[in-house]
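Q: Below you will find the structure I want to go over with you.
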Amino acid sequence: MLKLDYDYIAYSELMKRVEFIRADPICKTIDIRQSPSCNGYHLYIETTRELNWNQTIEYRKLFKDDGQRIVLDLLKTENCKDVLFSLRVHKGIVTKEIKMLKISV
Amino acid sequence: MFNAKYDNPLDDFTRNNLAFSRTDLENVLSGLGIYTGKTPTRSINRDVIKYLRKNYPEFEKLTTKEVKETKDKPVKKTGGAPPTGLWYKKLLKTGTTKTTKWETSTKVEIFTYEQNDECRYLSLMEAALKEMDYTEEIAETGYSSSRDSAGEFSPYQFESAFLKIESVKGGYTSFEGAVTLEDTNETPC
């Protein structure tokens with residue numbers, strides 16, 4: 001599964017990127033959610049084949065995942081790589097991801 | 001404009017060469033020697049594109065209206081209960097932790113694997129707090145649950161979890177290892 005984080009982008013830009021991802025043969029389904037902090041979108045892409053770590057990074061770059069996130073993931077240990085928070089607690093306020101769309105290709 | 005009479009050389013070429021690139025088509029048209037205008041390359045490119053759009057549906061150009069319709073088309077939604085038997089990795093990670101007096105820089109990471117997608121935020125949180133200094137509390141956290149087939153062979157399957165408590169400033173790890181989780185019957189995340 002590919003996980004993408006798009007922060008601070010407009011809905012129209014998001015849909016442009018989704019169209020691009022849909023056209024790629026690797027994509028099986030795309031689950032689009034609003035991020036818990038409401039400053040962007042989280043995309044969960046089910047792939048048509050299993051990807052290794054290097055391929056995952058390549059696809060994340062191709063699909064314009066947050067660059068900072070890619071860099072940090074390359075520096076991280078095995079345990080906590082490629083994480084997108086579905087629930088966030090900040091100053092006692094709990095925010096969750098909001099499901100938007102699930103697209104089957 | 002594209003002239004139909006030039007279809008033939010490209011047709012012949014594509015018939016005889018099943019695998020070809022766009023450059024090959026451009027070379028065929030270029031070799032004809034009929035592009036004598038001011039910008040022959042541009043004309044060749046235009047004609048190749050026209051040929052591809054005419055003969056290969058993947059090159060078909062949509063009108064603005066059609067593009068808009070494509071975007072607005074209702075998408076297929078997959079419904080029903082989530083499939084069972086899949087492994088999920090549930091992870092809880094802190095942003096900041098604090099004592100009663102000041103913010104600290106302790107980093108906490110705890111995860112477990114489970115075969116269903118129940119919310120385990122509180123279970124993980126409580127297990128982490130048990131191992132932390134009693135004066136410290138978790139101020140900011142993120143929880144993630146995502147499919148991960150590695151869970152099948154991991155020793156950290158629910159109710160076991162892997163916890164790491166690390167002091168960022170001091171650079172030392174105060175706890176690293178397995179902990180046991182309690183089922184807190186949480187509402188879905």
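Just so we're on the same page: first chain in the structure tokens is A, next is B, and so on; residues restart at 1 for each chain, and ligands are numbered from 1 in the order they show up.
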If we count only C-alpha atoms, which residues of chain A reach to within 9 Å of chain B? Please list them as a list of chain:residue names.
A: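 On the chain A side, the interface is A:Met1, A:Met15, A:Lys16, A:Glu19, A:Asn79, A:Cys80, A:Val83, A:Leu84, A:Phe85, A:Ser86, A:Leu87, A:Arg88, A:Val89, A:His90, A:Lys91, A:Gly92, A:Lys96, A:Glu97, A:Leu101, A:Lys102, A:Ile103, A:Ser104, A:Val105.
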Q: What does the file look like for those residues with N, CA and C atoms, as a PDB file, in the first residue's frame?
A:
```pdb
ATOM      1  N   MET A   1       0.842  -1.209   0.000  1.00  0.00           N
ATOM      2  CA  MET A   1       0.000   0.000   0.000  1.00  0.00           C
ATOM      3  C   MET A   1       0.873   1.254   0.000  1.00  0.00           C
ATOM      4  N   MET A  15      -7.429  16.679  -7.202  1.00  0.00           N
ATOM      5  CA  MET A  15      -8.077  15.848  -8.207  1.00  0.00           C
ATOM      6  C   MET A  15      -7.193  15.664  -9.440  1.00  0.00           C
ATOM      7  N   LYS A  16      -6.389  16.677  -9.756  1.00  0.00           N
ATOM      8  CA  LYS A  16      -5.434  16.534 -10.861  1.00  0.00           C
ATOM      9  C   LYS A  16      -4.452  15.399 -10.552  1.00  0.00           C
ATOM     10  N   GLU A  19      -6.150  12.019 -10.757  1.00  0.00           N
ATOM     11  CA  GLU A  19      -6.295  11.578 -12.156  1.00  0.00           C
ATOM     12  C   GLU A  19      -4.981  10.985 -12.665  1.00  0.00           C
ATOM     13  N   ASN A  79      10.937   0.506  12.158  1.00  0.00           N
ATOM     14  CA  ASN A  79       9.657   0.408  12.862  1.00  0.00           C
ATOM     15  C   ASN A  79       8.623   1.451  12.488  1.00  0.00           C
ATOM     16  N   CYS A  80       9.046   2.671  12.328  1.00  0.00           N
ATOM     17  CA  CYS A  80       8.053   3.739  12.195  1.00  0.00           C
ATOM     18  C   CYS A  80       8.149   4.517  10.890  1.00  0.00           C
ATOM     19  N   VAL A  83       4.408   6.673   7.995  1.00  0.00           N
ATOM     20  CA  VAL A  83       3.245   6.753   8.896  1.00  0.00           C
ATOM     21  C   VAL A  83       2.382   7.962   8.545  1.00  0.00           C
ATOM     22  N   LEU A  84       1.088   7.725   8.477  1.00  0.00           N
ATOM     23  CA  LEU A  84       0.130   8.831   8.353  1.00  0.00           C
ATOM     24  C   LEU A  84      -0.808   8.712   9.543  1.00  0.00           C
ATOM     25  N   PHE A  85      -0.928   9.751  10.320  1.00  0.00           N
ATOM     26  CA  PHE A  85      -1.769   9.654  11.505  1.00  0.00           C
ATOM     27  C   PHE A  85      -3.246   9.768  11.136  1.00  0.00           C
ATOM     28  N   SER A  86      -4.015   8.784  11.592  1.00  0.00           N
ATOM     29  CA  SER A  86      -5.456   8.822  11.315  1.00  0.00           C
ATOM     30  C   SER A  86      -6.184   9.487  12.480  1.00  0.00           C
ATOM     31  N   LEU A  87      -5.508   9.635  13.590  1.00  0.00           N
ATOM     32  CA  LEU A  87      -6.099  10.279  14.773  1.00  0.00           C
ATOM     33  C   LEU A  87      -5.020  11.119  15.432  1.00  0.00           C
ATOM     34  N   ARG A  88      -5.392  12.299  15.840  1.00  0.00           N
ATOM     35  CA  ARG A  88      -4.397  13.196  16.451  1.00  0.00           C
ATOM     36  C   ARG A  88      -4.966  13.807  17.718  1.00  0.00           C
ATOM     37  N   VAL A  89      -4.156  13.876  18.737  1.00  0.00           N
ATOM     38  CA  VAL A  89      -4.590  14.533  19.966  1.00  0.00           C
ATOM     39  C   VAL A  89      -3.653  15.698  20.224  1.00  0.00           C
ATOM     40  N   HIS A  90      -4.227  16.876  20.275  1.00  0.00           N
ATOM     41  CA  HIS A  90      -3.410  18.059  20.522  1.00  0.00           C
ATOM     42  C   HIS A  90      -4.145  18.941  21.521  1.00  0.00           C
ATOM     43  N   LYS A  91      -3.502  19.220  22.644  1.00  0.00           N
ATOM     44  CA  LYS A  91      -4.090  19.998  23.733  1.00  0.00           C
ATOM     45  C   LYS A  91      -5.462  19.453  24.124  1.00  0.00           C
ATOM     46  N   GLY A  92      -5.561  18.150  24.179  1.00  0.00           N
ATOM     47  CA  GLY A  92      -6.790  17.505  24.612  1.00  0.00           C
ATOM     48  C   GLY A  92      -7.866  17.409  23.548  1.00  0.00           C
ATOM     49  N   LYS A  96      -9.835  13.466  13.897  1.00  0.00           N
ATOM     50  CA  LYS A  96      -9.678  12.222  13.137  1.00  0.00           C
ATOM     51  C   LYS A  96      -9.675  12.505  11.653  1.00  0.00           C
ATOM     52  N   GLU A  97      -9.191  11.528  10.910  1.00  0.00           N
ATOM     53  CA  GLU A  97      -9.258  11.627   9.446  1.00  0.00           C
ATOM     54  C   GLU A  97     -10.713  11.582   9.005  1.00  0.00           C
ATOM     55  N   LEU A 101     -13.460   9.982  -0.328  1.00  0.00           N
ATOM     56  CA  LEU A 101     -13.779   9.193  -1.527  1.00  0.00           C
ATOM     57  C   LEU A 101     -12.996   7.894  -1.517  1.00  0.00           C
ATOM     58  N   LYS A 102     -13.572   6.890  -2.157  1.00  0.00           N
ATOM     59  CA  LYS A 102     -12.778   5.694  -2.442  1.00  0.00           C
ATOM     60  C   LYS A 102     -12.985   5.375  -3.915  1.00  0.00           C
ATOM     61  N   ILE A 103     -11.916   5.433  -4.652  1.00  0.00           N
ATOM     62  CA  ILE A 103     -12.007   5.257  -6.098  1.00  0.00           C
ATOM     63  C   ILE A 103     -11.413   3.912  -6.491  1.00  0.00           C
ATOM     64  N   SER A 104     -12.208   3.128  -7.215  1.00  0.00           N
ATOM     65  CA  SER A 104     -11.683   1.871  -7.752  1.00  0.00           C
ATOM     66  C   SER A 104     -11.322   2.103  -9.212  1.00  0.00           C
ATOM     67  N   VAL A 105     -10.141   1.672  -9.582  1.00  0.00           N
ATOM     68  CA  VAL A 105      -9.710   1.909 -10.979  1.00  0.00           C
ATOM     69  C   VAL A 105     -10.134   0.751 -11.860  1.00  0.00           C
TER      70      VAL A 105
END
```
Q: Using only C-alpha atoms, which protein or nucleic acid residues come within 9 Å of Leu32 in chain B? Drop anything in the same chain fewer than 4 positions from it, and give the result as JSON, numbers by chain.
A: {"B": [9, 27, 28]}
Q: Could the residues in this selection be written to a file with N, CA and C atoms, as a PDB file, in the first residue's frame?
A:
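Final file, out09.pdb:
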```
ATOM      1  N   PRO B   9       1.801   5.991 -45.204  1.00  0.00           N
ATOM      2  CA  PRO B   9       3.159   5.594 -44.797  1.00  0.00           C
ATOM      3  C   PRO B   9       3.227   5.190 -43.333  1.00  0.00           C
ATOM      4  N   ASN B  27      10.345  10.053 -37.511  1.00  0.00           N
ATOM      5  CA  ASN B  27      11.405   9.799 -38.493  1.00  0.00           C
ATOM      6  C   ASN B  27      10.830   9.387 -39.843  1.00  0.00           C
ATOM      7  N   VAL B  28       9.731   8.584 -39.785  1.00  0.00           N
ATOM      8  CA  VAL B  28       9.098   8.142 -41.040  1.00  0.00           C
ATOM      9  C   VAL B  28       8.597   9.353 -41.812  1.00  0.00           C
TER      10      VAL B  28
END
```
Q: Grab the CA of Ser35 in chain A to CA of Ser160 in chain B distance for me, in Å with one decimal place.
A: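 Between CA of Ser35 in chain A and CA of Ser160 in chain B the gap is 28.6 Å.
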Q: Suppose you want the space between CA of Tyr156 in chain B and CA of Glu182 in chain B; what is it in Å?
A: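 These atoms are spaced 13.7 Å apart.
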Q: Find the residue from B:Thr14, B:Thr97, B:Lys89, B:Gly33 that sits nearest to Lys81 in chain A; use only C-alpha atoms when measuring.
A: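 Among the listed residues, the smallest separation from Lys81 in chain A belongs to B:Lys89.
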Q: Residues within 12 Å of Thr187 in chain B, please, as a list in words. Count only C-alpha atoms; anything in the same chain fewer than 6 positions from it doesn't count.
A: Asp117, Glu118, Cys119, Arg120, Tyr121, Leu122 and Ser123 of chain B
